[in-house]
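What follows is a single structure, written as structure tokens, with notes after it.
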Amino acid sequence: MALVLGLASCGGQDDNSGESGNPITIGVLGPISGAFADAGLNYRQGAQIAADQINARGGVLGRQLKVEAKDTAAGPQEASQAVRDFVSSGTNFLIGELSSANCLADAPLVDQLDAVFITGICSVEELTGQAGQAAPYSRTFRAGATSSANIVAMADAIGRRFPQVTTYDSFAFDYVTGHLQWDQYVQAYADNGKPITVGKDLWVPMDQQNYGSQISVLATASTEGEHKGLYIGTYGAGTASFLQQAEPYDFLKNYEVVVTPGGYYPVARDLNGSAPLVWNGYEYNWAAYDTPENDAFVADFEALAGKKPITWSYVSYVAVLAYAAAIEKAGSDSPADVAAALAGIAFASPQGEYLIDAVTHNGSANIVLMETEGDPNDPERVRMLETIVIPYTDTVTFNF
Amino acid sequence: MNQLLSAVINGVATGVPLFLVASGFTLIYGVMGVLNFAHGAFFMFGAYCFAVMLAGQALSLPLFLLYALGAAAVIAVLGVLSERLVFARLYNSGHMINLLAAYALMLMLIGLSILIFGTTTYHVPRPSPFRGAVHIGTVPVPAYNLFVIAAGLVVAAGLWFLLNKSGLGMKIRAVAHDRTTARALGVRAPLVGMGVFALGCALAGLAGALDSPMISVAQGMDATFAIQFFVVVIIGGLGSTWGALFASLLVGLMESLLVYYAPAWSQYGMYILVVFVLLLRPQGLFVRGPAITHS
Amino acid sequence: MTARPVAPEVPVLETRAVSKSYYGAPAVIDLSVTVLRGETLAIIGPNGAGKSTYFGLIAGEHATGGGGSILFNGVDITHWSAHRRAQAGMSRTFQVARLFTSRRVIECLQIAAAAKRNGHRSCLRDFRRFATGDQDHIERIMAGLGLAGLEDVRAGNLAQGDRKRLELAMAMVQRPALLLLDEPTAGMSTEDCLLTVDTLKGIQRADPDLTIVMTGHDMDVLFAVARRIVLMAEGRQVMDGTPEEVGSSQIARKVYLGDEHV
């Protein structure tokens, strides 16, 4: 662990304030170890790409950008400590975090310590203002989608694409967000006037990897041709385990549609060509945008990481772009000025112009719906069959 | 009835890798008095090595077994290195120091695994004869699960034979009973200790390899296992291989059956069992005498 | 090592000028003793004379300090570990009998027999197979030491006298060339002591080539069994003779009782 931290935060301490010529450091919070270490890695890489591109253009206010990361895998305690450590070493511009619990610990602390925090993945609503209400934390911003926006957009699009699917089985992580998202998904169908019935809903603890019993229940609960859908409410290694353990039963074909909220591309990539066909809704895939900015991002990311970027990489990239734009706009690197500049900022991004709402602190994150399956012949072993971008402006109407 | 059979087979299939890991752990404790906190990390390393060796291909059964034993051998070497560099110096330093050393070793191994294997999830395909499901009556059962059960039984039998019927096993048991007496009788206790550590780690590595097609081989997999095999050794008793087998199957079955019959209890059932055992028979179900004595 | 025949004139045990100090305080100073095959030697001396330390040096419990060497059948074993010496043919007993308390008597003896038999090359030989080969040997030793009939008793449940006898049996089962006995009658009743004397004499008769080195405080027992006594005082060897010579000497009285009483 010490080795990894040493490598990840190599580069020493830096003073963010004061003379030009000193680099400005962006602090990345996220899991570097543990089951979601891949998220932390992608955060750092996405941020690094942004920093490199900006530095190549002369930096921000004539100063170079640096990226440093700290491990927050252990939970809110470790996250709070990481925030303190960053701020005490002069790094006041923070991004990242995966777990909502960590974000909820970081946000008030960031306000207290005169820093700024942009998160892209933490989905809990209370971090920013909802339905036009003012943001609860003056220094926390969301350059990403809320969970409800994601779920509701998915339900809407899938419902329209597969109108005959009116029954769903579900297999999900047994935690607050897991239940919330499933309830939102079901509710969204009801709100659209096309309620779905729940067949089997199975819940598994987050730290357990053995789903044999649940899978055999599911395998015998469905038969082909029933117009049923399957909702997979796990993510990352959990989804990978589920699919691996489900493979011998070969029952996914019994479902007309299989959906999962959150990222599926990295899971499919790891399944080495055998990934089943799944619809997922998240904030990005590399083929979603046909813009020069996206081309540059994807090319640079692939050069650095050897793989295509995913949502985790993208939101970090956008967050650093946001900081760069805000610092330039504010003309200073004082956190208070930068935070004021972030509210209402507009800047260029791979998806076009990106806006952060001045009142709610929410970013104009699109929802990207993807139909993906494994392909042994593809260099990344994944084939994207269809990509649907649901623009932010449409998702806003879904919010209550 | 269908679901019961499926749950039972699943439970036993889960219990087997657990047994392999727990038996290595309990053997190491029994012979050397060391609580190898890092044991889950050896399990993870075994799975990672195996995944890298396979590189995503589905192998024939003989090759699959060969690679699995190869992974176990690599982990055995890793175990010997750990024993020589860490534990050999600490035999007389008491439980606390050994525990801390094992914990430190675990952290180092985890960090090393991130450096060597990265943060992605590795996918290990099942060997080609066992990719689908077998039907027992109308109940589909993954063929690979049955294979794992069979493999586990073979290993258990081999271990029993080694410990009870061979000269080496006799020496191992002598050192486990009383290290000083064994030394006075001419048994090379340090060598036996090293050999046992290697064997224990090899078992963990083998468990990792066999288990890898069924779970995600990724960071954090050592943690998911760690709690379970600690539970197993508490219930079965430290130092007892039979205890490890019985308790592993019990834990696997219980989890499996609870998930089917009482899902709300599935995560707690294990701990309730632990509480009962600690209250009624704290040394574990298969160990005679007081809890935790070691000369 | 015991397989190689050794010429009778080569001493079984030889200590050459061995010394040992603890934190600067000398416990054994410059002790040179030669023991020939078949001898039974007892090392005696008052408390603090250094006999336990000296015994420990021979057995491999402690390392010698500075200079001095120990030879076993002509081979320098000064730096050998205890288990290596045991493998080479030196079996020992302890003041408090060391047994496998959770195993049965017969199992303790089987383990003792097999431990010696196995080199690391024969790792996987069937334990039961060679245990039966030794079965006669074990039974004879059990009979000789009064343990017949106790095969299935748990070693931890034995009476004190039987425990010491079992420990002695475990050492004998290994067919040692040199038997080291540390306080062979410690904690025994008078009756048991007499029995032990008879037992040891029986062993001497049965195996005249066996060399025995003993240490302890029970003069009656040691003098009855040993044919040679080495008297130690303040870390040095003070006298070396037959039990009669040492028993009647002025030096011995002085060492034990102090100057005034001579």
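FYI, nothing fancy with the structure tokens labels: chains A, B, ... in order, residues from 1 per chain, ligands from 1 as they appear.
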
> Within 7 Å of segment 150-153 of chain A, counting only C-alpha atoms, which residues qualify if same-chain residues fewer than 6 places away don't, as a PyMOL selection string?
Replying inline: chain A and resi 181+184-185+188+261+281-282+367+395+398

> Do you know which residues are at most 12 Å from Gly27 of chain A counting only C-alpha atoms, after dropping those on the same chain fewer than 2 positions away, and could you put them as a ChimeraX atom specification?
Replying inline: /A:8-9,13-14,16,24-25,29-30,40,43-44,47-48,51,65-72,79,82-97,115-119,316,319-320,323

> Which residue out of A:Gly120, A:Pro248, A:Pro292, A:Gly238 has the minimum interatomic distance to chain B when only C-alpha atoms are used?
Replying inline: A:Pro248

>> Could you work out which residues of chain B fall inside 7 Å of chain A? Count only C-alpha atoms, and format the result as a PyMOL selection string.
In response: chain B and resi 6-7+10+56+107-108+110-111+119-123+131-133+140+142+214-216+218-220+224+256+259-260

Closest-contact table, chain B side, partner chain C, 9 Å, counting only C-alpha atoms, as CSV:
```
residue,atom,partner,partner_atom,distance
B:Leu162,CA,C:Leu124,CA,7.5
B:Asn164,CA,C:Phe127,CA,7.7
B:Lys165,CA,C:Phe127,CA,5.2
B:Ser166,CA,C:Asp126,CA,4.5
B:Gly167,CA,C:Phe127,CA,5.1
B:Leu168,CA,C:Cys123,CA,4.8
B:Gly169,CA,C:Leu124,CA,8.1
B:Met170,CA,C:Ile111,CA,6.8
B:Lys171,CA,C:Ala115,CA,6.7
B:Ala174,CA,C:Ile111,CA,7.1
B:His177,CA,C:Phe100,CA,6.1
B:Asp178,CA,C:Phe100,CA,6.3
B:Thr180,CA,C:Arg98,CA,8.0
B:Thr181,CA,C:Arg98,CA,5.7
B:Ala182,CA,C:Ala115,CA,8.0
B:Arg183,CA,C:His83,CA,4.9
B:Ala184,CA,C:His83,CA,5.7
B:Leu185,CA,C:Ala86,CA,5.9
B:Gly186,CA,C:His83,CA,4.2
B:Val187,CA,C:Ala115,CA,5.9
B:Arg188,CA,C:His83,CA,6.1
B:Ala189,CA,C:His83,CA,8.0
```

Create the file for the chosen residues now, containing all heavy atoms and written as a compact mmCIF listing (two decimals), in the first residue's frame.
```txt
# COMPACT_ATOMS: atom_id res chain seq x y z
N LEU B 162 -1.06 -37.28 3.23
CA LEU B 162 0.24 -36.69 3.55
C LEU B 162 0.43 -36.58 5.06
O LEU B 162 1.47 -36.95 5.60
CB LEU B 162 0.36 -35.31 2.91
CG LEU B 162 1.65 -34.56 3.25
CD1 LEU B 162 2.82 -35.17 2.52
CD2 LEU B 162 1.52 -33.08 2.89
N ASN B 164 -1.20 -38.08 7.56
CA ASN B 164 -1.39 -39.25 8.41
C ASN B 164 -0.63 -40.48 8.00
O ASN B 164 -0.46 -41.40 8.78
CB ASN B 164 -2.88 -39.60 8.47
CG ASN B 164 -3.66 -38.56 9.23
OD1 ASN B 164 -3.51 -38.42 10.42
ND2 ASN B 164 -4.44 -37.80 8.51
N LYS B 165 -0.20 -40.53 6.76
CA LYS B 165 0.39 -41.78 6.30
C LYS B 165 1.83 -41.63 5.84
O LYS B 165 2.44 -42.61 5.43
CB LYS B 165 -0.44 -42.32 5.11
CG LYS B 165 -1.81 -42.79 5.51
CD LYS B 165 -1.73 -44.07 6.29
CE LYS B 165 -3.13 -44.58 6.60
NZ LYS B 165 -3.06 -45.74 7.50
N SER B 166 2.36 -40.45 5.85
CA SER B 166 3.71 -40.32 5.32
C SER B 166 4.67 -39.93 6.42
O SER B 166 4.28 -39.43 7.48
CB SER B 166 3.74 -39.26 4.22
OG SER B 166 3.67 -37.98 4.81
N GLY B 167 5.95 -40.16 6.16
CA GLY B 167 6.97 -39.77 7.13
C GLY B 167 6.98 -38.28 7.35
O GLY B 167 7.10 -37.79 8.48
N LEU B 168 6.83 -37.53 6.27
CA LEU B 168 6.80 -36.08 6.39
C LEU B 168 5.63 -35.64 7.25
O LEU B 168 5.76 -34.76 8.11
CB LEU B 168 6.72 -35.45 5.00
CG LEU B 168 6.63 -33.93 4.98
CD1 LEU B 168 7.87 -33.32 5.58
CD2 LEU B 168 6.42 -33.43 3.56
N GLY B 169 4.51 -36.26 7.04
CA GLY B 169 3.33 -35.91 7.82
C GLY B 169 3.55 -36.17 9.30
O GLY B 169 3.12 -35.40 10.15
N MET B 170 4.24 -37.26 9.58
CA MET B 170 4.52 -37.56 10.98
C MET B 170 5.39 -36.49 11.60
O MET B 170 5.15 -36.04 12.73
CB MET B 170 5.22 -38.92 11.05
CG MET B 170 5.44 -39.43 12.42
SD MET B 170 7.11 -39.27 13.05
CE MET B 170 8.06 -38.72 11.72
N LYS B 171 6.36 -36.04 10.86
CA LYS B 171 7.22 -34.97 11.37
C LYS B 171 6.44 -33.68 11.55
O LYS B 171 6.63 -32.97 12.54
CB LYS B 171 8.37 -34.72 10.39
CG LYS B 171 9.39 -35.80 10.39
CD LYS B 171 10.49 -35.46 9.40
CE LYS B 171 11.63 -36.43 9.58
NZ LYS B 171 12.70 -36.18 8.62
N ALA B 174 4.49 -34.03 14.62
CA ALA B 174 5.35 -33.97 15.82
C ALA B 174 5.68 -32.53 16.15
O ALA B 174 5.59 -32.11 17.31
CB ALA B 174 6.63 -34.77 15.57
N HIS B 177 2.69 -30.85 17.64
CA HIS B 177 2.40 -31.19 19.03
C HIS B 177 3.32 -30.46 19.98
O HIS B 177 2.90 -29.91 20.98
CB HIS B 177 2.62 -32.69 19.27
CG HIS B 177 1.63 -33.54 18.56
ND1 HIS B 177 0.29 -33.23 18.49
CD2 HIS B 177 1.79 -34.69 17.88
CE1 HIS B 177 -0.33 -34.17 17.77
NE2 HIS B 177 0.55 -35.06 17.41
N ASP B 178 4.61 -30.55 19.72
CA ASP B 178 5.58 -29.98 20.65
C ASP B 178 6.89 -29.79 19.91
O ASP B 178 7.61 -30.74 19.64
CB ASP B 178 5.78 -30.94 21.84
CG ASP B 178 6.60 -30.31 22.95
OD1 ASP B 178 7.57 -29.60 22.63
OD2 ASP B 178 6.28 -30.55 24.12
N THR B 180 9.75 -28.38 20.66
CA THR B 180 11.02 -28.67 21.33
C THR B 180 11.28 -30.16 21.42
O THR B 180 12.39 -30.62 21.19
CB THR B 180 11.04 -28.07 22.74
OG1 THR B 180 10.51 -26.76 22.67
CG2 THR B 180 12.43 -28.04 23.31
N THR B 181 10.24 -30.91 21.79
CA THR B 181 10.40 -32.36 21.87
C THR B 181 10.78 -32.92 20.51
O THR B 181 11.66 -33.78 20.40
CB THR B 181 9.10 -33.02 22.36
OG1 THR B 181 8.68 -32.36 23.55
CG2 THR B 181 9.29 -34.49 22.62
N ALA B 182 10.09 -32.41 19.47
CA ALA B 182 10.40 -32.90 18.13
C ALA B 182 11.85 -32.63 17.78
O ALA B 182 12.54 -33.49 17.24
CB ALA B 182 9.47 -32.23 17.12
N ARG B 183 12.33 -31.46 18.11
CA ARG B 183 13.72 -31.12 17.83
C ARG B 183 14.66 -32.02 18.61
O ARG B 183 15.68 -32.47 18.10
CB ARG B 183 14.01 -29.67 18.19
CG ARG B 183 13.34 -28.71 17.25
CD ARG B 183 13.80 -27.31 17.48
NE ARG B 183 15.14 -27.14 16.94
CZ ARG B 183 15.73 -25.96 16.80
NH1 ARG B 183 15.11 -24.88 17.18
NH2 ARG B 183 16.94 -25.87 16.32
N ALA B 184 14.30 -32.27 19.87
CA ALA B 184 15.15 -33.15 20.69
C ALA B 184 15.21 -34.54 20.09
O ALA B 184 16.17 -35.28 20.31
CB ALA B 184 14.63 -33.20 22.11
N LEU B 185 14.18 -34.92 19.34
CA LEU B 185 14.18 -36.24 18.73
C LEU B 185 14.82 -36.22 17.36
O LEU B 185 14.84 -37.22 16.67
CB LEU B 185 12.74 -36.75 18.61
CG LEU B 185 12.06 -37.08 19.93
CD1 LEU B 185 10.61 -37.42 19.68
CD2 LEU B 185 12.78 -38.24 20.61
N GLY B 186 15.33 -35.07 16.96
CA GLY B 186 16.05 -35.05 15.71
C GLY B 186 15.26 -34.55 14.51
O GLY B 186 15.73 -34.58 13.39
N VAL B 187 14.05 -34.05 14.75
CA VAL B 187 13.27 -33.52 13.62
C VAL B 187 13.76 -32.11 13.32
O VAL B 187 13.92 -31.29 14.21
CB VAL B 187 11.77 -33.49 13.97
CG1 VAL B 187 10.98 -32.82 12.86
CG2 VAL B 187 11.26 -34.88 14.23
N ARG B 188 13.99 -31.82 12.02
CA ARG B 188 14.48 -30.51 11.67
C ARG B 188 13.33 -29.53 11.63
O ARG B 188 12.77 -29.25 10.57
CB ARG B 188 15.18 -30.56 10.33
CG ARG B 188 16.43 -31.42 10.40
CD ARG B 188 16.91 -31.79 9.04
NE ARG B 188 17.51 -30.66 8.36
CZ ARG B 188 18.33 -30.80 7.33
NH1 ARG B 188 18.63 -31.99 6.88
NH2 ARG B 188 18.84 -29.75 6.74
N ALA B 189 13.00 -29.05 12.82
CA ALA B 189 11.80 -28.22 12.93
C ALA B 189 11.80 -26.99 12.01
O ALA B 189 10.77 -26.69 11.41
CB ALA B 189 11.60 -27.81 14.38
```

>> If I take atom CA of Leu279 of chain B and atom CA of Leu35 of chain B, how far is one from the other in Å, to one decimal?
In response: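 Separation of atom CA of Leu279 of chain B and atom CA of Leu35 of chain B: 21.7 Å.
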
>> Give me the residues near Pro276 of chain A as a list of chain:residue names, where near means some atom within 9 Å (using only C-alpha atoms) and where sequence neighbours in that chain fewer than 5 positions away do not count.
In response: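 The contact residues come out as A:Leu243, A:Leu252, A:Lys253, A:Ala268, A:Thr372, A:Glu373, A:Gly374.
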
Residue selection dump (C-alpha atoms) as a PDB file, in the first residue's frame:
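Final file, out.pdb:
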```pdb
ATOM      1  CA  LEU A 243     -22.044 -12.492 -15.540  1.00  0.00           C
ATOM      2  CA  LEU A 252     -29.698 -14.193 -20.159  1.00  0.00           C
ATOM      3  CA  LYS A 253     -31.088 -15.051 -23.540  1.00  0.00           C
ATOM      4  CA  ALA A 268     -17.387  -5.947 -20.969  1.00  0.00           C
ATOM      5  CA  THR A 372     -22.837  -3.115 -25.938  1.00  0.00           C
ATOM      6  CA  GLU A 373     -21.706  -6.688 -26.361  1.00  0.00           C
ATOM      7  CA  GLY A 374     -18.460  -8.588 -26.282  1.00  0.00           C
TER       8      GLY A 374
END
```

> Quick one: residues within 7 Å of Met44 of chain B, only C-alpha atoms counted, chain neighbours fewer than 6 positions away excluded, as a ChimeraX atom specification?
Replying inline: /B:208,221-222

Include all heavy atoms and write out the residues we just selected as a PDB file, in the first residue's frame.
```
ATOM      1  N   GLY B 208      -7.186 -20.110  -5.092  1.00  0.00           N
ATOM      2  CA  GLY B 208      -7.378 -18.930  -5.930  1.00  0.00           C
ATOM      3  C   GLY B 208      -7.545 -19.301  -7.392  1.00  0.00           C
ATOM      4  O   GLY B 208      -8.428 -18.807  -8.090  1.00  0.00           O
ATOM      5  N   MET B 221     -10.305  -8.905  -3.792  1.00  0.00           N
ATOM      6  CA  MET B 221     -10.851 -10.248  -3.643  1.00  0.00           C
ATOM      7  C   MET B 221     -10.288 -10.935  -2.406  1.00  0.00           C
ATOM      8  O   MET B 221     -10.914 -11.844  -1.861  1.00  0.00           O
ATOM      9  CB  MET B 221     -10.608 -11.094  -4.895  1.00  0.00           C
ATOM     10  CG  MET B 221      -9.180 -11.478  -5.153  1.00  0.00           C
ATOM     11  SD  MET B 221      -8.982 -12.365  -6.711  1.00  0.00           S
ATOM     12  CE  MET B 221      -9.748 -13.911  -6.357  1.00  0.00           C
ATOM     13  N   ASP B 222      -9.126 -10.494  -1.969  1.00  0.00           N
ATOM     14  CA  ASP B 222      -8.588 -11.089  -0.744  1.00  0.00           C
ATOM     15  C   ASP B 222      -9.463 -10.758   0.446  1.00  0.00           C
ATOM     16  O   ASP B 222      -9.610 -11.544   1.367  1.00  0.00           O
ATOM     17  CB  ASP B 222      -7.158 -10.588  -0.505  1.00  0.00           C
ATOM     18  CG  ASP B 222      -7.116  -9.083  -0.315  1.00  0.00           C
ATOM     19  OD1 ASP B 222      -7.649  -8.370  -1.186  1.00  0.00           O
ATOM     20  OD2 ASP B 222      -6.572  -8.622   0.688  1.00  0.00           O
TER      21      ASP B 222
END
```

> If you measure from atom CA of Ser147 of chain A to atom CA of Leu113 of chain A, what distance in Å do you get, rounded to one decimal?
Replying inline: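 Value for the atom CA of Ser147 of chain A-atom CA of Leu113 of chain A distance: 27.5 Å.
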
>> Taking 6 positions as the minimum chain separation for residues in the same chain, which residues sit within 8 Å of segment 285-291 of chain A when counting only C-alpha atoms? Answer as JSON, numbers by chain.
In response: {"A": [298, 308, 309, 310, 311, 350, 351, 352, 368, 370, 387, 388, 389]}

N, CA and C atoms of the current selection, written as an mmCIF file, in the first residue's frame:
```cif
data_model
loop_
_atom_site.group_PDB
_atom_site.id
_atom_site.type_symbol
_atom_site.label_atom_id
_atom_site.label_comp_id
_atom_site.auth_asym_id
_atom_site.auth_seq_id
_atom_site.Cartn_x
_atom_site.Cartn_y
_atom_site.Cartn_z
ATOM 1 N N VAL A 298 -9.834 11.186 -26.768
ATOM 2 C CA VAL A 298 -9.728 9.734 -26.896
ATOM 3 C C VAL A 298 -8.331 9.327 -27.329
ATOM 4 N N LYS A 308 -9.181 2.679 -24.256
ATOM 5 C CA LYS A 308 -10.093 3.786 -24.502
ATOM 6 C C LYS A 308 -10.590 4.377 -23.181
ATOM 7 N N PRO A 309 -10.939 5.654 -23.190
ATOM 8 C CA PRO A 309 -11.473 6.253 -21.964
ATOM 9 C C PRO A 309 -12.913 5.805 -21.710
ATOM 10 N N ILE A 310 -13.278 5.827 -20.441
ATOM 11 C CA ILE A 310 -14.641 5.483 -20.050
ATOM 12 C C ILE A 310 -15.215 6.633 -19.240
ATOM 13 N N THR A 311 -16.421 6.466 -18.717
ATOM 14 C CA THR A 311 -17.050 7.562 -17.986
ATOM 15 C C THR A 311 -16.158 8.090 -16.873
ATOM 16 N N PRO A 350 -15.526 17.800 -24.871
ATOM 17 C CA PRO A 350 -15.826 16.842 -25.935
ATOM 18 C C PRO A 350 -17.298 16.743 -26.301
ATOM 19 N N GLN A 351 -18.190 17.119 -25.405
ATOM 20 C CA GLN A 351 -19.606 17.007 -25.715
ATOM 21 C C GLN A 351 -20.155 18.322 -26.233
ATOM 22 N N GLY A 352 -19.287 19.285 -26.438
ATOM 23 C CA GLY A 352 -19.751 20.602 -26.868
ATOM 24 C C GLY A 352 -19.548 21.564 -25.717
ATOM 25 N N VAL A 368 -25.688 9.054 -21.604
ATOM 26 C CA VAL A 368 -25.391 8.288 -22.806
ATOM 27 C C VAL A 368 -25.890 6.871 -22.612
ATOM 28 N N MET A 370 -26.129 3.102 -23.984
ATOM 29 C CA MET A 370 -25.316 2.298 -24.896
ATOM 30 C C MET A 370 -25.814 0.877 -24.971
ATOM 31 N N THR A 387 -25.414 3.839 -29.737
ATOM 32 C CA THR A 387 -25.183 4.858 -28.719
ATOM 33 C C THR A 387 -26.230 5.952 -28.873
ATOM 34 N N ILE A 388 -26.930 6.253 -27.808
ATOM 35 C CA ILE A 388 -27.946 7.309 -27.841
ATOM 36 C C ILE A 388 -27.576 8.358 -26.807
ATOM 37 N N VAL A 389 -27.394 9.582 -27.257
ATOM 38 C CA VAL A 389 -27.076 10.659 -26.321
ATOM 39 C C VAL A 389 -28.359 11.388 -25.945
#
```

Would you list, as a short mmCIF file (atom, residue, chain, number, x, y, z; two decimals) with C-alpha atoms, in the first residue's frame, the residues of segment 200-324 of chain A that end up in strand (DSSP E) under DSSP run on this structure's backbone?
```cif
data_model
loop_
_atom_site.label_atom_id
_atom_site.label_comp_id
_atom_site.auth_asym_id
_atom_site.auth_seq_id
_atom_site.Cartn_x
_atom_site.Cartn_y
_atom_site.Cartn_z
CA LYS A 200 -38.01 -11.69 -8.91
CA ASP A 201 -36.00 -9.06 -7.13
CA LEU A 202 -32.81 -10.35 -5.56
CA TRP A 203 -30.45 -8.40 -3.37
CA VAL A 204 -26.83 -9.22 -2.62
CA LYS A 228 -39.14 -10.02 -19.63
CA GLY A 229 -36.42 -7.59 -18.79
CA LEU A 230 -33.51 -7.99 -16.38
CA TYR A 231 -32.21 -5.08 -14.33
CA ILE A 232 -28.68 -5.54 -13.04
CA GLY A 233 -28.08 -3.17 -10.15
CA TYR A 255 -34.69 -11.81 -21.33
CA GLU A 256 -35.67 -9.48 -24.11
CA VAL A 257 -33.59 -6.71 -22.63
CA VAL A 258 -30.87 -6.58 -19.98
CA VAL A 259 -30.20 -3.15 -18.51
CA THR A 260 -27.78 -1.78 -15.97
CA PRO A 261 -27.35 1.74 -14.68
CA VAL A 278 -26.47 -5.29 -22.27
CA TRP A 279 -28.01 -1.82 -22.38
CA ASN A 280 -26.53 0.64 -19.93
CA GLY A 281 -26.92 4.28 -19.15
CA TYR A 282 -24.04 6.39 -17.92
#
```
